[in-house]
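S.K.: What follows is a single structure, and I will ask about it in a moment.
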Amino acid sequence: MAEQTVLEGEKAVKPADPTREGYEFAGWFTDEELKNEFDFDTEITANITLYAKWEPLFKVSLVLNGGIAKLDGKAVTELYVKSGEVLPTLVLEKPLNDFAGWFTDEGLTTAFDLETAISQNLTLYAKWEETEAVIENWNC
């Protein structure tokens, strides 16, 4: 956060939330221990220092094995998840294939349960099953 000059009795202007890869911004605090969150409606009566609080996120890498994963319409090969959250719903596509699940190993032998809370960095491997092409007979 950039330094601000605030007249005594005035309020500080809340800046845009900062960003940091692998973390989620969790607020501004008045102490290094991050116990006292700062209220930007507070009138300033002395010099203060604010400290940013960051919550770690876990990186989920997606090995798509020729497919595409989309989150909110955007193609992704990795995403960040808060501790304790589950993998968000992804749209998975691969021509002439049906998605058959996520696995935690390259050999696709250990299935990943989508209800599992994420608690560490993780790599997931997509399994696909070929579908038969449908050819329609058109009479002209």
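Naming works like this for the structure tokens: A, B, ... for the chains as they're shown, residue 1 at the start of each chain, ligands 1 onward in shown order.
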List the neighbours of segment 46-59 of chain A out to 7 Å using only C-alpha atoms; skip same-chain residues closer than 3 positions along the sequence, and give me the result as a ChimeraX atom specification.
M.R.: /A:22-32,34,78-83,120-122
S.K.: Got a sec: who's within 10 Å of Gly66 of chain A, counting only C-alpha atoms, leaving out chain neighbours fewer than 4 positions off, as a PyMOL selection string?
M.R.: chain A and resi 93-95+126-128
S.K.: Any chance you could export the current selection's C-alpha atoms as a CSV table (one decimal), in the first residue's frame?
M.R.:
chain,number,residue,atom,x,y,z
A,93,GLU,CA,-13.8,-31.2,-23.1
A,94,LYS,CA,-12.0,-33.5,-25.5
A,95,PRO,CA,-13.3,-34.3,-29.0
A,126,ALA,CA,-7.5,-36.3,-16.4
A,127,LYS,CA,-8.7,-39.6,-17.6
A,128,TRP,CA,-10.7,-39.8,-20.9
S.K.: Quote the spacing between atom CA of Glu132 of chain A and atom CA of Thr89 of chain A in Å to one decimal place.
M.R.: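 If I compute the distance from atom CA of Glu132 of chain A to atom CA of Thr89 of chain A, I get 26.0 Å.
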S.K.: As a ChimeraX atom specification, please: the residues near Lys74 of chain A (cut-off 10 Å, only C-alpha atoms, same-chain neighbours under 5 positions excluded).
M.R.: /A:68-69,90-91
S.K.: Suppose you want the space between atom CA of Thr19 of chain A and atom CA of Ala2 of chain A; what is it in Å?
M.R.: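 Between atom CA of Thr19 of chain A and atom CA of Ala2 of chain A the gap is 13.9 Å.
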S.K.: Could you check the closest approach to Gly73 of chain A for each of A:Ala117, A:Leu92, A:Leu87, A:Val60 and tell me which residue wins, using only C-alpha atoms?
M.R.: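 Closest residue, counting only C-alpha atoms: A:Leu92.
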S.K.: Would you pick out the contacts of Phe40 of chain A at 9 Å or less, using only C-alpha atoms, so that residues sharing its chain but fewer than 3 positions from it are not included, and give the list as a PyMOL selection string?
M.R.: chain A and resi 11-14+43
